[in-house]
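Asks: Got run-v3.txt for you, compact mmCIF, C-alpha atoms and all ligand atoms:
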```txt
# COMPACT_ATOMS: atom_id res chain seq x y z
CA MET K 196 -5.01 10.38 17.49
CA ALA K 197 -1.31 9.85 17.01
CA VAL K 198 1.21 9.84 14.26
CA ARG K 199 3.60 6.89 14.62
CA PRO K 200 7.14 6.66 13.28
CA VAL K 201 7.34 4.80 9.96
CA LEU K 202 9.83 1.93 9.72
CA THR K 203 12.18 2.12 6.79
CA LEU K 204 13.96 -0.23 4.40
CA GLY K 205 16.40 -2.36 6.33
CA ASN K 206 14.21 -2.87 9.38
CA PRO K 207 13.71 -6.66 9.67
CA LEU K 208 10.12 -6.24 10.89
CA LEU K 209 9.17 -5.04 7.39
CA ARG K 210 10.37 -8.40 6.04
CA ARG K 211 8.22 -10.61 8.25
CA VAL K 212 4.98 -12.24 7.14
CA ALA K 213 2.39 -10.51 9.33
CA ARG K 214 0.04 -12.67 11.38
CA ASP K 215 -3.68 -12.90 10.75
CA LEU K 216 -5.94 -11.06 13.16
CA ASP K 217 -8.57 -12.99 15.05
CA PRO K 218 -11.93 -11.29 14.26
CA ALA K 219 -12.53 -11.04 18.03
CA GLU K 220 -9.41 -8.85 18.29
CA LEU K 221 -10.88 -6.18 16.03
CA ASP K 222 -13.11 -4.79 18.72
CA THR K 223 -10.25 -4.25 21.19
CA PRO K 224 -8.94 -0.78 22.09
CA ALA K 225 -5.43 -1.75 20.95
CA ILE K 226 -6.51 -2.60 17.40
CA ARG K 227 -8.92 0.37 17.16
CA ARG K 228 -6.11 2.68 18.26
CA LEU K 229 -3.68 1.08 15.83
CA ALA K 230 -6.14 1.55 12.95
CA GLU K 231 -6.69 5.21 13.91
CA ASP K 232 -2.97 5.83 14.24
CA MET K 233 -2.34 4.26 10.84
CA VAL K 234 -4.81 6.69 9.27
CA ASP K 235 -3.25 9.63 11.14
CA THR K 236 0.23 8.55 10.06
CA MET K 237 -0.83 8.05 6.45
CA HIS K 238 -2.40 11.52 6.37
CA HIS K 239 0.61 13.10 8.08
CA GLU K 240 2.96 11.59 5.46
CA ASP K 241 0.64 12.37 2.51
CA GLY K 242 0.49 8.65 1.76
CA ILE K 243 -2.32 6.81 -0.03
CA GLY K 244 -1.92 3.60 1.91
CA ILE K 245 -0.15 2.15 4.91
CA ALA K 246 0.24 -1.33 6.34
CA ALA K 247 0.53 -2.23 10.02
CA PRO K 248 4.14 -3.50 9.72
CA GLN K 249 5.15 -0.02 8.55
CA VAL K 250 4.29 1.31 12.01
CA GLY K 251 5.91 -1.65 13.74
CA GLU K 252 2.95 -4.03 14.16
CA SER K 253 3.33 -7.33 12.33
CA LEU K 254 -0.43 -7.79 11.78
CA GLN K 255 -2.61 -8.37 8.71
CA LEU K 256 -4.09 -4.88 8.59
CA ALA K 257 -3.74 -2.25 5.88
CA VAL K 258 -5.42 1.06 5.15
CA ILE K 259 -5.91 2.68 1.76
CA GLU K 260 -7.36 6.08 0.89
CA ILE K 261 -6.70 7.87 -2.36
CA ALA K 262 -7.73 11.51 -2.38
CA SER K 263 -8.26 13.02 -5.80
CA SER K 264 -5.85 15.77 -4.74
CA SER K 265 -3.09 13.47 -3.41
CA PRO K 266 0.17 15.47 -3.59
CA ARG K 267 2.34 12.33 -3.81
CA TYR K 268 0.25 10.70 -6.58
CA PRO K 269 -1.70 13.38 -8.40
CA GLY K 270 -4.14 12.65 -11.20
CA HIS K 271 -5.49 9.28 -10.07
CA GLU K 272 -9.06 8.25 -9.34
CA SER K 273 -10.05 8.64 -5.71
CA PHE K 274 -10.83 5.73 -3.38
CA ALA K 275 -12.57 6.20 -0.03
CA LEU K 276 -10.90 5.13 3.21
CA HIS K 277 -10.90 1.33 3.49
CA TYR K 278 -9.52 -0.97 6.17
CA PHE K 279 -8.29 -4.38 5.01
CA VAL K 280 -8.03 -7.13 7.61
CA ASN K 281 -6.61 -10.54 6.64
CA PRO K 282 -6.78 -9.73 2.92
CA ARG K 283 -6.34 -12.36 0.22
CA ILE K 284 -5.64 -11.47 -3.41
CA THR K 285 -6.96 -13.31 -6.45
CA VAL K 286 -5.61 -12.30 -9.84
CA LEU K 287 -8.48 -11.80 -12.31
CA ASP K 288 -6.32 -10.71 -15.25
CA PRO K 289 -2.63 -11.61 -15.16
CA VAL K 290 -1.70 -9.20 -17.96
CA GLU K 291 0.64 -6.74 -16.30
CA GLN K 292 0.57 -2.97 -16.17
CA GLY K 293 3.32 -0.73 -14.89
CA PHE K 294 3.30 2.27 -12.59
CA TRP K 295 6.00 4.25 -10.84
CA GLU K 296 5.66 3.34 -7.17
CA GLY K 297 6.88 4.97 -4.02
CA CYS K 298 6.61 3.94 -0.39
CA LEU K 299 6.65 5.69 2.98
CA SER K 300 9.13 3.00 4.10
CA VAL K 301 11.45 3.66 1.14
CA PRO K 302 11.97 7.40 1.44
CA ASN K 303 12.94 9.44 -1.57
CA LEU K 304 12.80 6.60 -4.12
CA ARG K 305 10.49 5.75 -6.98
CA GLY K 306 10.57 2.56 -9.02
CA TYR K 307 8.73 1.23 -12.05
CA VAL K 308 6.83 -1.92 -11.11
CA GLU K 309 4.69 -4.18 -13.28
CA ARG K 310 1.82 -6.08 -11.65
CA PRO K 311 -1.35 -7.91 -12.75
CA ARG K 312 -3.85 -5.35 -13.99
CA ARG K 313 -7.06 -6.74 -12.48
CA ILE K 314 -7.48 -8.36 -9.07
CA ARG K 315 -10.01 -9.22 -6.43
CA VAL K 316 -9.35 -8.82 -2.72
CA ASP K 317 -11.35 -10.75 -0.11
CA TYR K 318 -10.96 -9.32 3.37
CA LEU K 319 -12.66 -8.37 6.61
CA ASP K 320 -13.52 -4.78 7.39
CA LEU K 321 -12.81 -3.34 10.83
CA ASP K 322 -16.17 -4.67 12.08
CA ALA K 323 -15.20 -8.20 10.96
CA HIS K 324 -17.65 -8.23 8.06
CA PRO K 325 -16.41 -10.16 5.01
CA ARG K 326 -15.95 -7.85 2.03
CA THR K 327 -14.75 -8.09 -1.53
CA VAL K 328 -13.33 -5.43 -3.78
CA GLU K 329 -12.42 -5.78 -7.44
CA ALA K 330 -9.85 -3.35 -8.76
CA GLU K 331 -8.06 -2.46 -11.96
CA GLY K 332 -5.68 0.27 -13.05
CA PHE K 333 -3.78 2.26 -10.44
CA LEU K 334 -5.98 1.01 -7.58
CA ALA K 335 -5.05 -2.61 -8.42
CA THR K 336 -1.39 -1.63 -8.08
CA VAL K 337 -1.94 0.26 -4.81
CA LEU K 338 -3.76 -2.73 -3.32
CA GLN K 339 -1.03 -5.14 -4.36
CA HIS K 340 1.67 -2.80 -3.03
CA GLU K 341 -0.01 -2.45 0.39
CA LEU K 342 -0.87 -6.14 0.72
CA ASP K 343 2.71 -7.03 -0.25
CA HIS K 344 3.76 -5.30 2.99
CA LEU K 345 1.76 -7.93 4.90
CA GLN K 346 3.88 -10.63 3.21
CA GLY K 347 7.17 -8.90 4.03
CA LYS K 348 7.67 -7.58 0.50
CA LEU K 349 8.59 -4.09 -0.65
CA PHE K 350 8.15 -2.55 -4.08
CA VAL K 351 11.90 -2.51 -4.66
CA ASP K 352 11.77 -6.36 -4.72
CA ARG K 353 9.48 -6.09 -7.76
CA VAL K 354 11.49 -3.60 -9.81
CA ARG K 355 12.75 -5.81 -12.67
CA ASP K 356 14.64 -3.14 -14.56
CA THR K 357 16.77 -1.34 -11.98
CA THR K 358 17.57 1.42 -14.48
CA ARG K 359 14.01 2.48 -13.65
CA LEU K 360 14.72 3.04 -9.98
CA ALA K 361 15.19 6.74 -9.26
CA THR K 362 15.45 9.27 -6.50
CA LEU K 363 12.30 11.34 -6.25
CA GLU K 364 14.15 14.33 -7.64
CA ASP K 365 15.43 12.42 -10.67
CA TYR K 366 12.08 10.71 -11.17
CA VAL K 367 10.50 14.14 -11.54
CA ARG K 368 13.38 15.36 -13.69
CA PHE K 369 13.73 12.40 -16.08
CA TRP K 370 10.66 10.16 -15.92
CA LEU K 371 7.54 12.06 -14.91
CA PRO K 372 5.42 12.71 -18.02
CA LYS K 373 5.44 16.41 -18.75
CA PRO K 374 2.04 18.05 -19.04
CA GLY K 375 1.05 18.95 -22.62
ZN ZN A 1 4.68 0.83 0.83
```
Write out the structure in this file as C-alpha cells.
Ligand code: ZN

Replies:
Amino acid sequence: MAVRPVLTLGNPLLRRVARDLDPAELDTPAIRRLAEDMVDTMHHEDGIGIAAPQVGESLQLAVIEIASSSPRYPGHESFALHYFVNPRITVLDPVEQGFWEGCLSVPNLRGYVERPRRIRVDYLDLDAHPRTVEAEGFLATVLQHELDHLQGKLFVDRVRDTTRLATLEDYVRFWLPKPG
C-alpha cells in the first residue's frame, strides 16, 4: 500500500498516449502494485478516478470508484471500484451533457465540459476478462474524463467556454448550485 505523487498539468508524461497492456502483464507484481497504489492514491486525494499516467506510468489502466459520500463530488450516484485495462469507448448517444469537472492533475481548478451523454466502454478487468459497461449521466462523463488521460488529454482541453473555468473557491462561490 502506497500513495504515489500525482503528476500535474505541464508534465509531458500526461500528454502521451499510454501504451496498451499485454494481458499477460496483468498478473505481474509490478502491475498489481501499480493498481493498488492507484487506488490508495485516489482514496488519499479524495478522487473518484485516477489513470496510470497521473502517477507516472504511461499505461492503459484507469481506476474509478464513486462513493455516495464523495467530498469532491457530492450528490452523485455511487459506482463500485472498477479497473479498466485497454479501454475503448463507443458513443451510444452523441447528444452532449455538461458537468463541472475537476482533476487531481489540475489542482484547484474546475471547468464546465460537455461530452456525449451515453457511452459504452469495452475493456479488460484486472484478471484479463473482457468486460463491457454502459454509462449515462455523470458516470459517462467520469469514464470519458479518466479514459481521456490514457490518450494524453486533460479536461481543460475540452472546456469550450473558458469563462466557465474557475478556481475551486470561485466555482463554489459563483457556480455551484445553492441548495434550496
Ligand atoms: Zn483527471

Asks: Would you name the residues within 7 Å of ligand ZN 1 (chain A), counting all atoms listed in the file, and put them as a count of residues only?

Replies: 10

Asks: Could you check the closest approach to Asn303 in chain K for each of K:Glu291, K:Asp343, K:Asp322, K:Glu364 and tell me which residue wins, using all atoms listed in the file?

Replies: K:Glu364

Asks: Would you please work out which residue, of K:Val337, K:Leu254, K:Leu321, K:Leu304, is nearest to Ala361 in chain K when using only C-alpha atoms?

Replies: K:Leu304

Asks: Go through K:Val301, K:Ile259, K:Val280, K:Leu287 and flag the residue nearest Val201 in chain K, using all atoms listed in the file for the distances.

Replies: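 Of the candidates, the smallest distance to Val201 in chain K is held by K:Val301.
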
Asks: Using Å and a single decimal, report how far CA of Lys348 in chain K sits from CA of Leu209 in chain K.

Replies: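 Separating CA of Leu209 in chain K from CA of Lys348 in chain K is a distance of 7.5 Å.
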
Asks: Calculate how many Å separate CA of Arg353 in chain K from CA of Val198 in chain K, rounding to one decimal.

Replies: 28.4 Å

Asks: Have a look at K:Pro207, K:Pro325, K:Asp320, K:Gly306 and name the one nearest to Tyr366 in chain K; count only C-alpha atoms.

Replies: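 Smallest distance to Tyr366 in chain K is found for K:Gly306.
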
Asks: Have a look at K:Thr223, K:Gln249, K:Thr236, K:Ser265 and name the one nearest to Leu204 in chain K; count only C-alpha atoms.

Replies: K:Gln249

Asks: With distances taken over all atoms listed in the file, which of K:Pro269, K:Ile314, K:Arg305, K:Phe274 is nearest to Asp288 in chain K?

Replies: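 Of the candidates, the smallest distance to Asp288 in chain K is held by K:Ile314.
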
Asks: Sorted by chain and rising residue number, list the residues of range 234-344 of chain K at most 8 Å from range 211-214 of chain K (counting all atoms listed in the file), each with its closest atom pair and distance in Å to one decimal, as JSON lines.

Replies:
```
{"residue": "K:Pro248", "atom": "CA", "partner": "K:Ala213", "partner_atom": "CA", "distance": 7.2}
{"residue": "K:Ser253", "atom": "CA", "partner": "K:Ala213", "partner_atom": "CA", "distance": 4.5}
{"residue": "K:Leu254", "atom": "CA", "partner": "K:Ala213", "partner_atom": "CA", "distance": 4.6}
{"residue": "K:Gln255", "atom": "CA", "partner": "K:Ala213", "partner_atom": "CA", "distance": 5.5}
```

Asks: Please provide as a PyMOL selection string all residues within 12 Å of range 237-239 of chain K, with the sequence filter that same-chain residues fewer than 3 positions apart are discarded (counting only C-alpha atoms).

Replies: chain K and resi 196-201+230-234+242-247+249-250+257-262+265-267+276+298-300

Asks: With C-alpha atoms retained, write the just-selected residues as a tab-separated table (two decimals), in the frame of the given file.

Replies:
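For reference, out.tsv as written:
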```tsv
chain	number	residue	atom	x	y	z
K	196	MET	CA	-5.01	10.38	17.49
K	197	ALA	CA	-1.31	9.85	17.01
K	198	VAL	CA	1.21	9.84	14.26
K	199	ARG	CA	3.60	6.89	14.62
K	200	PRO	CA	7.14	6.66	13.28
K	201	VAL	CA	7.34	4.80	9.96
K	230	ALA	CA	-6.14	1.55	12.95
K	231	GLU	CA	-6.69	5.21	13.91
K	232	ASP	CA	-2.97	5.83	14.24
K	233	MET	CA	-2.34	4.26	10.84
K	234	VAL	CA	-4.81	6.69	9.27
K	242	GLY	CA	0.49	8.65	1.76
K	243	ILE	CA	-2.32	6.81	-0.03
K	244	GLY	CA	-1.92	3.60	1.91
K	245	ILE	CA	-0.15	2.15	4.91
K	246	ALA	CA	0.24	-1.33	6.34
K	247	ALA	CA	0.53	-2.23	10.02
K	249	GLN	CA	5.15	-0.02	8.55
K	250	VAL	CA	4.29	1.31	12.01
K	257	ALA	CA	-3.74	-2.25	5.88
K	258	VAL	CA	-5.42	1.06	5.15
K	259	ILE	CA	-5.91	2.68	1.76
K	260	GLU	CA	-7.36	6.08	0.89
K	261	ILE	CA	-6.70	7.87	-2.36
K	262	ALA	CA	-7.73	11.51	-2.38
K	265	SER	CA	-3.09	13.47	-3.41
K	266	PRO	CA	0.17	15.47	-3.59
K	267	ARG	CA	2.34	12.33	-3.81
K	276	LEU	CA	-10.90	5.13	3.21
K	298	CYS	CA	6.61	3.94	-0.39
K	299	LEU	CA	6.65	5.69	2.98
K	300	SER	CA	9.13	3.00	4.10
```

Asks: Calculate how many Å separate CA of Leu208 in chain K from CA of Glu252 in chain K, rounding to one decimal.

Replies: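 Between CA of Leu208 in chain K and CA of Glu252 in chain K the gap is 8.2 Å.
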
Asks: Which residues are near Thr336 in chain K? Cut-off 8 Å, all atoms listed in the file, ignore same chain within fewer than 4 positions. Put them as a list in words.

Replies: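 So, after excluding close chain neighbours, the residues are Phe294, Arg310, Pro311, Arg312, Glu331, Gly332 and His340 of chain K.
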